[in-house]
$ cat my_file.txt   # compact mmCIF, C-alpha atoms
# COMPACT_ATOMS: atom_id res chain seq x y z
CA MET H 1412 0.00 0.00 0.00
CA GLY H 1413 2.47 2.63 1.13
CA THR H 1414 3.67 4.53 4.09
CA LEU H 1415 1.53 5.99 6.84
CA LEU H 1416 1.89 9.41 5.25
CA GLN H 1417 0.49 8.20 1.95
CA LEU H 1418 -2.44 6.55 3.69
CA ALA H 1419 -3.22 9.77 5.53
CA ARG H 1420 -3.03 11.74 2.30
CA TRP H 1421 -5.46 9.45 0.57
CA GLY H 1422 -7.86 9.93 3.47
CA LEU H 1423 -7.96 6.23 4.23
CA LEU H 1424 -7.05 6.46 7.88
CA GLY H 1425 -10.41 7.86 8.92
CA ARG H 1426 -10.78 9.09 12.43
CA SER H 1427 -8.15 6.95 14.12
CA LEU H 1428 -4.94 8.56 13.02
CA SER H 1429 -3.10 6.59 15.62
CA LEU H 1430 -3.49 3.47 13.44
CA VAL H 1431 -0.13 1.98 12.79
CA GLN H 1432 0.25 -0.40 9.92
CA THR H 1433 1.97 -3.01 11.99
CA ALA H 1434 4.71 -4.73 10.18
CA ARG H 1435 5.93 -7.86 11.75
CA SER H 1436 9.21 -9.47 11.02
CA LEU H 1437 9.92 -13.11 10.57
CA HIS H 1438 13.19 -14.35 11.84
CA CYS H 1439 14.64 -16.95 9.54
CA GLY H 1440 18.21 -17.69 10.25
CA VAL H 1441 20.88 -16.03 12.33
CA SER H 1442 20.91 -12.59 10.80
CA SER H 1443 18.14 -12.38 8.20
CA TRP H 1444 14.72 -10.90 8.91
CA ILE H 1445 11.83 -10.75 6.41
CA HIS H 1446 9.56 -7.80 6.94
CA VAL H 1447 6.00 -8.94 6.35
CA LYS H 1448 3.53 -6.18 5.59
CA LEU H 1449 0.01 -6.86 6.76
CA PRO H 1450 -3.11 -5.71 4.89
CA PRO H 1451 -4.45 -2.31 6.00
CA GLU H 1452 -6.96 -2.37 8.82
CA PRO H 1453 -10.53 -1.58 7.79
CA LYS H 1454 -11.55 2.00 8.49
CA GLU H 1455 -14.27 2.47 11.11
CA VAL H 1456 -17.44 3.79 9.57
CA ASP H 1457 -20.06 5.39 11.84
CA ARG H 1458 -23.38 3.99 10.57
CA TRP H 1459 -25.44 6.39 12.71
CA THR H 1460 -24.41 9.85 11.59
CA GLU H 1461 -27.19 12.38 11.00
CA LYS H 1462 -27.10 11.80 7.25
CA ARG H 1463 -27.09 8.00 7.45
CA ALA H 1464 -29.76 7.79 10.18
CA LEU H 1465 -32.18 9.99 8.24
CA PHE H 1466 -31.48 8.63 4.75
CA GLY H 1467 -34.63 8.06 2.72
CA VAL H 1468 -36.91 10.09 4.97
CA TYR H 1469 -39.60 11.94 2.97
CA ASP H 1470 -39.23 9.67 -0.05
CA ASN H 1471 -42.91 8.78 0.23
CA ILE H 1472 -44.05 12.34 0.77
CA GLY H 1473 -46.24 12.09 -2.31
CA ILE H 1474 -48.29 9.05 -1.34
CA LEU H 1475 -48.42 9.93 2.37
CA GLY H 1476 -49.03 13.63 1.94
CA ASP H 1477 -51.73 14.41 -0.62
CA PHE H 1478 -49.48 14.50 -3.68
CA GLN H 1479 -48.61 18.19 -3.36
CA VAL H 1480 -44.87 17.38 -3.29
CA HIS H 1481 -43.20 14.84 -5.57
CA PRO H 1482 -40.05 13.00 -4.39
CA LYS H 1483 -38.22 14.37 -7.43
CA ASP H 1484 -38.53 17.83 -5.83
CA LEU H 1485 -36.28 16.59 -3.03
CA ILE H 1486 -33.31 15.92 -5.30
CA THR H 1487 -30.48 18.43 -4.97
CA GLY H 1488 -28.01 18.78 -7.75
CA PRO H 1489 -27.51 20.45 -11.13
CA ARG H 1490 -30.84 21.95 -12.17
CA TRP H 1491 -30.80 20.29 -15.56
CA LEU H 1492 -30.65 16.86 -13.89
CA GLN H 1493 -33.22 17.16 -11.11
CA GLY H 1494 -35.84 14.47 -11.54
CA TRP H 1495 -34.70 13.56 -15.07
CA ARG H 1496 -32.58 10.88 -16.63
CA GLY H 1497 -31.00 10.60 -20.06
CA ASN H 1498 -28.06 9.26 -21.99
CA GLU H 1499 -25.00 11.40 -22.63
CA LEU H 1500 -26.28 13.17 -25.75
CA GLN H 1501 -29.59 13.99 -24.05
CA ARG H 1502 -27.76 15.26 -20.98
CA CYS H 1503 -25.52 17.53 -23.07
CA ILE H 1504 -28.49 18.97 -24.98
CA ARG H 1505 -30.45 19.55 -21.77
CA LYS H 1506 -27.46 21.22 -20.14
CA LYS H 1507 -27.17 23.52 -23.13
CA GLN H 1508 -30.88 24.39 -22.87
CA PHE H 1509 -30.73 25.13 -19.14
CA VAL H 1510 -27.38 26.79 -18.55
CA GLY H 1511 -25.85 27.26 -21.99
CA HIS H 1512 -26.46 30.99 -21.93
CA ARG H 1513 -24.26 31.49 -18.88
CA MET H 1514 -21.48 28.96 -19.39
CA PHE H 1515 -17.88 29.95 -19.80
CA ASP H 1516 -16.72 30.34 -23.39
CA GLN H 1517 -14.36 27.35 -23.58
CA ASP H 1518 -16.83 25.06 -21.75
CA TYR H 1519 -19.64 26.07 -24.12
CA LYS H 1520 -17.48 25.32 -27.15
CA ASN H 1521 -16.52 21.94 -25.70
CA LEU H 1522 -20.18 21.18 -25.01
CA ASN H 1523 -21.09 21.96 -28.63
CA LYS H 1524 -18.24 19.82 -29.92
CA ARG H 1525 -19.42 16.97 -27.72
CA ILE H 1526 -23.02 17.27 -28.92
CA ARG H 1527 -21.90 17.28 -32.54
CA PHE H 1528 -19.65 14.26 -32.01
CA LEU H 1529 -22.29 12.25 -30.11
CA TYR H 1530 -25.03 13.08 -32.64
CA ARG H 1531 -22.92 11.80 -35.48
CA ARG H 1532 -21.77 8.80 -33.46
CA PHE H 1533 -25.27 7.70 -32.44
CA ASN H 1534 -27.13 8.54 -35.64
CA ARG H 1535 -24.64 7.76 -38.37
CA THR H 1536 -22.42 4.92 -37.15
CA GLY H 1537 -23.00 1.45 -35.80
CA LYS H 1538 -25.86 -0.99 -36.06
CA HIS H 1539 -28.58 1.23 -34.52
CA ARG H 1540 -29.10 4.49 -36.30
CA ALA F 809 -56.13 1.61 37.43
CA TYR F 810 -57.41 3.14 34.20
CA ALA F 811 -59.70 1.48 31.67
CA PRO F 812 -57.83 -0.26 28.83
CA VAL F 813 -57.37 1.67 25.59
CA LEU F 814 -59.21 -0.31 22.89
CA ARG F 815 -58.73 0.85 19.30
CA GLY F 816 -60.93 -0.67 16.62
CA CYS F 817 -60.26 -0.41 12.93
CA HIS F 818 -62.04 2.62 11.40
CA LEU F 819 -61.98 1.40 7.80
CA ALA F 820 -64.00 -1.59 6.61
CA ILE F 821 -62.24 -4.93 6.79
CA PRO F 822 -63.06 -7.50 4.07
CA SER F 823 -65.41 -10.15 5.42
CA HIS F 824 -63.05 -13.06 4.78
CA ARG F 825 -60.25 -11.56 6.92
CA THR F 826 -59.97 -10.55 10.55
CA ALA F 827 -57.95 -7.79 12.08
CA VAL F 828 -54.46 -8.36 13.48
CA GLN F 829 -53.85 -7.05 16.96
CA ALA F 830 -51.05 -5.33 18.83
CA TRP F 831 -50.56 -4.23 22.43
CA VAL F 832 -50.89 -0.53 23.09
CA GLU F 833 -48.05 0.67 25.32
CA SER F 834 -47.20 3.93 27.02
CA LEU F 835 -44.03 5.93 27.57
CA ARG F 836 -45.14 7.44 30.87
CA HIS F 837 -43.73 4.67 33.01
CA TYR F 838 -40.86 2.36 32.18
CA ASP F 839 -43.07 -0.75 32.56
CA ASP F 840 -46.33 0.45 30.93
CA ARG F 841 -46.51 -2.35 28.39
CA HIS F 842 -50.15 -3.37 28.41
CA VAL F 843 -52.21 -0.19 28.44
CA GLY F 844 -54.64 -1.49 25.82
CA LEU F 845 -55.21 -3.40 22.59
CA ALA F 846 -55.32 -2.08 19.03
CA ASP F 847 -56.91 -3.68 15.98
CA LEU F 848 -54.83 -3.26 12.83
CA HIS F 849 -56.21 -3.54 9.31
CA PRO F 850 -55.07 -6.81 7.68
CA ASP F 851 -54.65 -5.28 4.22
CA VAL F 852 -51.94 -2.99 5.64
CA PHE F 853 -50.41 -5.01 8.46
CA ALA F 854 -50.93 -8.58 7.23
CA VAL F 855 -50.12 -8.62 3.52
CA MET F 856 -48.11 -11.28 1.77
CA PRO F 857 -44.44 -10.87 2.81
CA ARG F 858 -42.95 -9.86 -0.55
CA VAL F 859 -39.22 -9.59 0.10
CA ASP F 860 -38.56 -8.86 -3.55
CA ILE F 861 -40.73 -5.74 -3.36
CA LEU F 862 -38.85 -4.60 -0.25
CA HIS F 863 -35.62 -5.00 -2.21
CA THR F 864 -36.97 -3.14 -5.23
CA VAL F 865 -38.23 -0.23 -3.19
CA ALA F 866 -35.08 -0.01 -1.03
CA VAL F 867 -32.85 0.01 -4.14
CA TRP F 868 -35.08 2.67 -5.69
CA GLN F 869 -34.74 4.84 -2.60
CA ARG F 870 -30.97 4.54 -2.74
CA ASN F 871 -30.63 5.29 -6.43
CA TYR F 872 -33.31 7.69 -7.62
CA LYS F 873 -31.68 10.66 -5.84
CA ARG F 874 -28.18 9.66 -6.92
CA ILE F 875 -26.26 12.09 -9.09
CA SER F 876 -22.72 11.01 -9.80
CA TYR F 877 -20.38 13.91 -10.46
CA ALA F 878 -17.52 11.88 -11.94
CA LYS F 879 -16.21 13.38 -15.19
CA VAL F 880 -13.01 12.94 -17.14
CA LYS F 881 -11.76 14.90 -20.11
CA THR F 882 -11.79 13.44 -23.59
CA ARG F 883 -9.03 14.11 -26.08
CA ALA F 884 -10.96 17.13 -27.32
CA GLU F 885 -11.14 18.72 -23.87
CA VAL F 886 -7.61 18.11 -22.62
CA ARG F 887 -5.52 21.24 -22.94
CA GLY F 888 -3.16 21.17 -25.92
CA GLY F 889 -2.81 18.51 -28.57
CA GLY F 890 -3.80 20.42 -31.71
CA LYS F 891 -0.48 20.12 -33.51
CA LYS F 892 0.92 16.98 -35.08
CA PRO F 893 3.94 16.19 -32.82
CA TRP F 894 6.27 15.06 -35.65
CA ALA F 895 5.98 14.47 -39.40
CA GLN F 896 4.12 11.41 -40.57
CA LYS F 897 7.14 9.80 -42.21
CA GLY F 898 10.85 9.98 -41.70
CA SER F 899 11.45 10.26 -38.00
CA GLY F 900 11.35 6.51 -37.29
CA ARG F 901 8.86 6.92 -34.44
CA ALA F 902 5.24 5.70 -34.47
CA ARG F 903 2.82 7.95 -36.31
CA HIS F 904 0.71 10.26 -34.12
CA GLY F 905 -1.65 13.10 -34.75
CA SER F 906 -1.82 14.75 -31.33
CA ILE F 907 -0.14 14.49 -27.98
CA ARG F 908 -3.47 14.13 -26.18
CA SER F 909 -4.76 11.02 -27.91
CA PRO F 910 -5.85 8.21 -25.54
CA LEU F 911 -2.68 6.27 -26.30
CA TRP F 912 -0.49 8.93 -24.76
CA ARG F 913 0.31 9.56 -21.13
CA GLY F 914 -1.70 12.64 -20.08
CA GLY F 915 -4.10 12.12 -22.97
CA GLY F 916 -7.88 12.03 -22.91
CA ILE F 917 -9.97 9.12 -21.68
CA ILE F 918 -12.31 7.62 -24.27
CA HIS F 919 -15.11 5.89 -22.39
CA GLY F 920 -14.79 7.41 -18.97
CA PRO F 921 -17.56 8.85 -16.78
CA ARG F 922 -19.03 11.85 -18.58
CA GLY F 923 -20.39 14.72 -16.66
CA PRO F 924 -22.89 14.67 -13.83
CA THR F 925 -25.04 11.58 -14.43
CA SER F 926 -28.42 11.11 -12.85
CA TYR F 927 -29.86 7.72 -11.96
CA TYR F 928 -33.42 8.94 -11.50
CA TYR F 929 -36.38 6.65 -12.13
CA MET F 930 -39.76 6.19 -10.51
CA LEU F 931 -41.45 2.97 -9.51
CA PRO F 932 -45.19 2.72 -10.04
CA MET F 933 -47.10 4.32 -7.17
CA LYS F 934 -48.80 1.08 -6.20
CA VAL F 935 -45.44 -0.71 -5.94
CA ARG F 936 -44.17 1.93 -3.53
CA VAL F 937 -47.38 1.69 -1.50
CA LEU F 938 -47.15 -2.09 -1.42
CA GLY F 939 -43.52 -1.78 -0.29
CA LEU F 940 -44.66 0.24 2.73
CA LYS F 941 -47.38 -2.28 3.52
CA VAL F 942 -44.96 -5.23 3.30
CA ALA F 943 -42.45 -3.43 5.52
CA LEU F 944 -45.10 -2.67 8.15
CA THR F 945 -46.29 -6.29 7.99
CA ALA F 946 -42.75 -7.55 8.46
CA LYS F 947 -42.24 -5.30 11.48
CA LEU F 948 -45.48 -6.51 13.08
CA MET F 949 -44.91 -10.19 12.37
CA GLN F 950 -41.33 -10.11 13.65
CA ASP F 951 -42.41 -8.48 16.95
CA ASN F 952 -40.66 -5.23 16.10
CA LEU F 953 -43.76 -3.03 15.96
CA HIS F 954 -44.96 -1.27 19.10
CA VAL F 955 -48.06 0.91 19.32
CA VAL F 956 -48.02 3.75 21.83
CA ASP F 957 -51.03 5.79 22.92
CA GLY F 958 -49.04 9.03 22.92
CA LEU F 959 -45.48 10.36 23.12
CA ASP F 960 -45.82 11.94 26.60
CA MET F 961 -42.72 11.41 28.66
CA PRO F 962 -42.22 12.16 32.34
CA THR F 963 -38.71 13.63 31.79
CA PHE F 964 -36.59 14.95 28.95
CA ASP F 965 -33.65 12.82 30.07
CA PRO F 966 -32.25 10.86 27.10
CA GLN F 967 -31.06 8.18 29.52
CA TYR F 968 -34.71 7.46 30.48
CA LEU F 969 -35.60 6.77 26.85
CA ALA F 970 -32.53 4.60 26.32
CA ASP F 971 -33.19 2.60 29.49
CA LEU F 972 -36.85 2.17 28.58
CA ALA F 973 -35.91 0.82 25.16
CA GLN F 974 -33.41 -1.53 26.72
CA TYR F 975 -35.78 -2.72 29.46
CA ARG F 976 -38.58 -3.46 27.03
CA ARG F 977 -36.07 -5.21 24.71
CA TRP F 978 -36.83 -3.01 21.74
CA GLY F 979 -33.47 -3.55 20.03
CA GLN F 980 -30.46 -1.49 19.04
CA SER F 981 -32.32 1.17 17.06
CA VAL F 982 -35.81 2.62 17.41
CA LEU F 983 -37.78 4.70 14.92
CA ILE F 984 -40.61 6.69 16.51
CA VAL F 985 -43.27 8.03 14.16
CA ASP F 986 -46.04 10.51 14.97
CA VAL F 987 -48.53 12.54 12.94
CA ASN F 988 -49.09 15.44 15.32
CA LYS F 989 -46.54 17.85 16.69
CA MET F 990 -44.27 16.01 19.11
CA PRO F 991 -44.01 17.08 22.75
CA GLU F 992 -40.83 18.82 23.87
CA ASN F 993 -39.69 16.14 26.28
CA ILE F 994 -39.28 13.41 23.72
CA THR F 995 -37.79 15.81 21.14
CA LYS F 996 -35.08 16.84 23.58
CA ALA F 997 -34.46 13.27 24.67
CA ALA F 998 -34.16 11.86 21.14
CA ALA F 999 -32.02 14.78 19.92
CA SER F 1000 -28.99 13.56 21.82
CA LEU F 1001 -29.50 9.87 21.04
CA LYS F 1002 -27.99 8.49 17.85
CA THR F 1003 -29.95 5.30 17.31
CA ILE F 1004 -33.37 6.55 18.48
CA THR F 1005 -34.91 8.89 15.92
CA LEU F 1006 -38.12 10.86 15.80
CA VAL F 1007 -39.73 11.14 12.39
CA PRO F 1008 -43.00 12.72 11.27
CA ALA F 1009 -45.52 10.37 9.65
CA LEU F 1010 -44.82 11.89 6.22
CA GLY F 1011 -41.25 10.64 6.50
CA LEU F 1012 -42.04 6.93 6.79
CA ASN F 1013 -40.21 4.86 4.17
CA VAL F 1014 -39.00 1.34 3.52
CA TYR F 1015 -35.27 2.11 3.79
CA SER F 1016 -35.64 3.55 7.30
CA LEU F 1017 -37.88 0.66 8.34
CA LEU F 1018 -35.16 -1.75 7.26
CA LYS F 1019 -32.39 0.25 8.91
CA TYR F 1020 -34.04 0.62 12.31
CA GLU F 1021 -34.80 -2.51 14.31
CA THR F 1022 -37.96 -1.35 16.04
CA LEU F 1023 -40.83 0.82 14.92
CA VAL F 1024 -42.98 2.73 17.40
CA LEU F 1025 -46.27 4.16 16.10
CA THR F 1026 -48.89 6.25 17.85
CA LEU F 1027 -52.62 5.54 17.51
CA ASP F 1028 -53.13 8.63 15.35
CA THR F 1029 -50.35 7.49 13.03
CA LEU F 1030 -52.08 4.11 12.65
CA ALA F 1031 -55.30 5.75 11.47
CA PHE F 1032 -53.34 8.07 9.12
CA LEU F 1033 -51.32 5.25 7.57
CA GLU F 1034 -54.30 2.93 7.15
CA GLU F 1035 -56.30 5.66 5.45
CA LYS F 1036 -53.46 6.70 3.09
CA LEU F 1037 -52.33 3.19 2.16
CA LEU F 1038 -55.76 1.58 1.74
CA TRP F 1039 -57.01 4.26 -0.62
CA HIS F 1040 -54.75 2.92 -3.37
CA ASP F 1041 -56.40 -0.52 -3.25
CA SER F 1042 -59.67 0.78 -4.61
CA ARG F 1043 -58.95 3.93 -6.55
CA TYR F 1044 -59.47 4.66 -10.20
CA THR F 1045 -56.37 5.05 -12.34
CA ALA F 1046 -55.17 8.62 -12.60
CA LEU F 1047 -56.33 10.34 -15.79
CA TYR F 1048 -54.05 13.26 -14.95
CA PRO F 1049 -51.50 13.66 -12.12
CA PHE F 1050 -52.93 13.64 -8.63
CA HIS F 1051 -51.47 17.02 -7.70
CA LEU F 1052 -54.02 18.66 -10.01
CA PRO F 1053 -57.50 19.09 -8.51
CA TYR F 1054 -60.02 16.27 -8.68
CA SER F 1055 -63.66 16.84 -7.80
CA ASP F 1056 -63.90 13.90 -5.38
CA PHE F 1057 -60.37 13.86 -3.92
CA PRO F 1058 -58.82 14.68 -1.39
$ encode --input "my_file.txt" --output "structure tokens"
Amino acid sequence: MGTLLQLARWGLLGRSLSLVQTARSLHCGVSSWIHVKLPPEPKEVDRWTEKRALFGVYDNIGILGDFQVHPKDLITGPRWLQGWRGNELQRCIRKKQFVGHRMFDQDYKNLNKRIRFLYRRFNRTGKHR
Amino acid sequence: AYAPVLRGCHLAIPSHRTAVQAWVESLRHYDDRHVGLADLHPDVFAVMPRVDILHTVAVWQRNYKRISYAKVKTRAEVRGGGKKPWAQKGSGRARHGSIRSPLWRGGGIIHGPRGPTSYYYMLPMKVRVLGLKVALTAKLMQDNLHVVDGLDMPTFDPQYLADLAQYRRWGQSVLIVDVNKMPENITKAAASLKTITLVPALGLNVYSLLKYETLVLTLDTLAFLEEKLLWHDSRYTALYPFHLPYSDFP
């Protein structure tokens, strides 16, 4: 895996920074030791944080609450993806419709290039066109 | 002593089935376990135990909100790589058109994750309703459902609630559901406890029912849930979404 420092940098040590990747040594012979590295200890995950304890609450707010709110209204994220699903071409087109007018110049050009490429790829090549 | 609290089922039960029953308990005293008896509607609390529906609904709850933000740059988006690095013929090296092609180190990724992806989908409404019914049935049949006449507590001490749950052998985690506004004592007590959670009746869902070992419902919540879940058994199909006004509903 790596040294303790690398583990800490990759955020794998979790809360217990005092974890030491114990390396034991096997003595085989008068003066030769083999250092055996053990697998990293599993990080301790708290299953009862606020987020994990309340996951899924209000998912049935439609059926239990008179249908005024739909569970898709609870989704947080990019506005062009809230309560909608599509393949890559559809996502690019929808992003252009929603936020294309305020994207940065280079990102907008890349988005257009991607749409052009995907349109030609899906509609002009392959078995399904 | 007081008269026992007897709760009959308000909605009509089909003639070929009888109600299932549960003890009504109380939180006022640590040993108030037999305050009364409640009749529960069999079409909500005694349905066929469909584990596959529980799985479907739990997976839906995990995935429909998921938006993955992983994105890598393709060869068109990586900075640089417009110029042909060396002439096509003559240099002896392999022929290349750009330094950012996927073959190169630092080049674009061809089929990597592209942009924020959403995994949204909806299950049919009746499947989600049936999932709730199966989960409630499972809780009742596995002795993990407790009915309480009210959430009045004598103290706001979180230790009292924890000791009560331990004495009555409720399990490691308790989910307490109520329709009305919850009294201050229990709100303060549950705020500092990790595995005992207070949830309004609108927030009931299959994932939480599977996560928490015990479910504690009040009598008002029972009536609310039975009314909401049984309506779907005998409704007409929606001609237009339910959030638009209908003349005979709500």
$ atom_distance --input "my_file.txt" --atom1 "CA of Lys1524 in chain H" --atom2 "CA of Glu885 in chain F"
9.4 Å
$ residues_around --input "my_file.txt" --residues "range 1514-1520 of chain H" --least-positions-apart "4" --cutoff "12 Å" --atoms "all atoms listed in the file" --output "PDB file with C-alpha atoms, in the frame of the given file"
ATOM      1  CA  CYS H1503     -25.520  17.530 -23.070  1.00  0.00           C
ATOM      2  CA  ILE H1504     -28.490  18.970 -24.980  1.00  0.00           C
ATOM      3  CA  LYS H1506     -27.460  21.220 -20.140  1.00  0.00           C
ATOM      4  CA  LYS H1507     -27.170  23.520 -23.130  1.00  0.00           C
ATOM      5  CA  GLN H1508     -30.880  24.390 -22.870  1.00  0.00           C
ATOM      6  CA  PHE H1509     -30.730  25.130 -19.140  1.00  0.00           C
ATOM      7  CA  VAL H1510     -27.380  26.790 -18.550  1.00  0.00           C
ATOM      8  CA  LYS H1524     -18.240  19.820 -29.920  1.00  0.00           C
ATOM      9  CA  ARG H1525     -19.420  16.970 -27.720  1.00  0.00           C
ATOM     10  CA  ILE H1526     -23.020  17.270 -28.920  1.00  0.00           C
ATOM     11  CA  ARG H1527     -21.900  17.280 -32.540  1.00  0.00           C
TER      12      ARG H1527
ATOM     13  CA  LYS F 881     -11.760  14.900 -20.110  1.00  0.00           C
ATOM     14  CA  ALA F 884     -10.960  17.130 -27.320  1.00  0.00           C
ATOM     15  CA  GLU F 885     -11.140  18.720 -23.870  1.00  0.00           C
ATOM     16  CA  VAL F 886      -7.610  18.110 -22.620  1.00  0.00           C
ATOM     17  CA  ARG F 887      -5.520  21.240 -22.940  1.00  0.00           C
TER      18      ARG F 887
END
$ interface_residues --input "my_file.txt" --of "chain H" --to "chain F" --cutoff "10 Å" --atoms "only C-alpha atoms" --output "JSON, numbers by chain"
{"H": [1458, 1459, 1460, 1461, 1463, 1464, 1465, 1466, 1467, 1468, 1469, 1470, 1471, 1472, 1473, 1474, 1475, 1476, 1477, 1478, 1479, 1480, 1481, 1482, 1483, 1484, 1485, 1486, 1487, 1488, 1489, 1491, 1492, 1493, 1494, 1495, 1496, 1497, 1498, 1499, 1502, 1503, 1517, 1518, 1520, 1521, 1522, 1524, 1525]}
$ closest_residue --input "my_file.txt" --among "F:His837, F:Arg913, F:Lys941, F:Arg883" --to "Pro857 in chain F" --atoms "all atoms listed in the file"
F:Lys941
$ atom_distance --input "my_file.txt" --atom1 "CA of Gly979 in chain F" --atom2 "CA of Ala811 in chain F"
29.1 Å
$ atom_distance --input "my_file.txt" --atom1 "CA of Ser1436 in chain H" --atom2 "CA of Glu1455 in chain H"
26.3 Å
$ residues_around --input "my_file.txt" --residues "His842 in chain F" --least-positions-apart "6" --cutoff "10 Å" --atoms "all atoms listed in the file" --output "number ranges by chain"
F: 812-813, 830-834, 956
$ residues_around --input "my_file.txt" --residues "Gly816 in chain F" --least-positions-apart "2" --cutoff "9 Å" --atoms "all atoms listed in the file" --output "CSV table (one decimal) with C-alpha atoms, in the coordinates of the input"
chain,number,residue,atom,x,y,z
F,814,LEU,CA,-59.2,-0.3,22.9
F,818,HIS,CA,-62.0,2.6,11.4
F,827,ALA,CA,-58.0,-7.8,12.1
F,845,LEU,CA,-55.2,-3.4,22.6
F,846,ALA,CA,-55.3,-2.1,19.0
F,847,ASP,CA,-56.9,-3.7,16.0
F,848,LEU,CA,-54.8,-3.3,12.8
$ residues_around --input "my_file.txt" --residues "Thr826 in chain F" --least-positions-apart "2" --cutoff "12 Å" --atoms "only C-alpha atoms" --output "PyMOL selection string"
chain F and resi 816-817+820-824+828-829+847-851+853-854
$ write_last_selection --input "my_file.txt" --atoms "C-alpha atoms" --output "compact mmCIF listing (two decimals), in the coordinates of the input"
# COMPACT_ATOMS: atom_id res chain seq x y z
CA GLY F 816 -60.93 -0.67 16.62
CA CYS F 817 -60.26 -0.41 12.93
CA ALA F 820 -64.00 -1.59 6.61
CA ILE F 821 -62.24 -4.93 6.79
CA PRO F 822 -63.06 -7.50 4.07
CA SER F 823 -65.41 -10.15 5.42
CA HIS F 824 -63.05 -13.06 4.78
CA VAL F 828 -54.46 -8.36 13.48
CA GLN F 829 -53.85 -7.05 16.96
CA ASP F 847 -56.91 -3.68 15.98
CA LEU F 848 -54.83 -3.26 12.83
CA HIS F 849 -56.21 -3.54 9.31
CA PRO F 850 -55.07 -6.81 7.68
CA ASP F 851 -54.65 -5.28 4.22
CA PHE F 853 -50.41 -5.01 8.46
CA ALA F 854 -50.93 -8.58 7.23
$ decode --input "my_file.txt" --residues "range 1480-1494 of chain H" --atoms "N, CA and C atoms" --output "mmCIF file, in the first residue's frame"
data_model
loop_
_atom_site.group_PDB
_atom_site.id
_atom_site.type_symbol
_atom_site.label_atom_id
_atom_site.label_comp_id
_atom_site.auth_asym_id
_atom_site.auth_seq_id
_atom_site.Cartn_x
_atom_site.Cartn_y
_atom_site.Cartn_z
ATOM 1 N N VAL H 1480 -46.319 17.402 -3.044
ATOM 2 C CA VAL H 1480 -44.873 17.380 -3.286
ATOM 3 C C VAL H 1480 -44.543 16.042 -3.940
ATOM 4 N N HIS H 1481 -43.661 16.070 -4.908
ATOM 5 C CA HIS H 1481 -43.205 14.840 -5.573
ATOM 6 C C HIS H 1481 -41.793 14.546 -5.083
ATOM 7 N N PRO H 1482 -41.413 13.279 -4.864
ATOM 8 C CA PRO H 1482 -40.048 13.000 -4.391
ATOM 9 C C PRO H 1482 -38.967 13.566 -5.304
ATOM 10 N N LYS H 1483 -39.276 13.804 -6.595
ATOM 11 C CA LYS H 1483 -38.223 14.374 -7.435
ATOM 12 C C LYS H 1483 -37.916 15.807 -7.051
ATOM 13 N N ASP H 1484 -38.822 16.471 -6.287
ATOM 14 C CA ASP H 1484 -38.529 17.828 -5.832
ATOM 15 C C ASP H 1484 -37.517 17.829 -4.713
ATOM 16 N N LEU H 1485 -37.218 16.633 -4.140
ATOM 17 C CA LEU H 1485 -36.276 16.587 -3.026
ATOM 18 C C LEU H 1485 -34.845 16.466 -3.512
ATOM 19 N N ILE H 1486 -34.671 16.193 -4.824
ATOM 20 C CA ILE H 1486 -33.315 15.921 -5.297
ATOM 21 C C ILE H 1486 -32.558 17.223 -5.407
ATOM 22 N N THR H 1487 -31.336 17.248 -4.842
ATOM 23 C CA THR H 1487 -30.478 18.428 -4.970
ATOM 24 C C THR H 1487 -29.365 18.083 -5.944
ATOM 25 N N GLY H 1488 -29.073 19.036 -6.794
ATOM 26 C CA GLY H 1488 -28.008 18.782 -7.755
ATOM 27 C C GLY H 1488 -28.113 19.782 -8.882
ATOM 28 N N PRO H 1489 -27.410 19.530 -9.995
ATOM 29 C CA PRO H 1489 -27.511 20.445 -11.133
ATOM 30 C C PRO H 1489 -28.954 20.535 -11.610
ATOM 31 N N ARG H 1490 -29.410 21.751 -11.900
ATOM 32 C CA ARG H 1490 -30.841 21.946 -12.169
ATOM 33 C C ARG H 1490 -31.296 21.225 -13.427
ATOM 34 N N TRP H 1491 -30.350 20.965 -14.355
ATOM 35 C CA TRP H 1491 -30.797 20.294 -15.558
ATOM 36 C C TRP H 1491 -30.912 18.778 -15.363
ATOM 37 N N LEU H 1492 -30.574 18.300 -14.141
ATOM 38 C CA LEU H 1492 -30.651 16.859 -13.890
ATOM 39 C C LEU H 1492 -31.628 16.498 -12.792
ATOM 40 N N GLN H 1493 -32.356 17.469 -12.251
ATOM 41 C CA GLN H 1493 -33.219 17.159 -11.111
ATOM 42 C C GLN H 1493 -34.480 16.472 -11.587
ATOM 43 N N GLY H 1494 -34.635 15.209 -11.195
ATOM 44 C CA GLY H 1494 -35.839 14.466 -11.539
ATOM 45 C C GLY H 1494 -35.913 14.107 -12.999
#
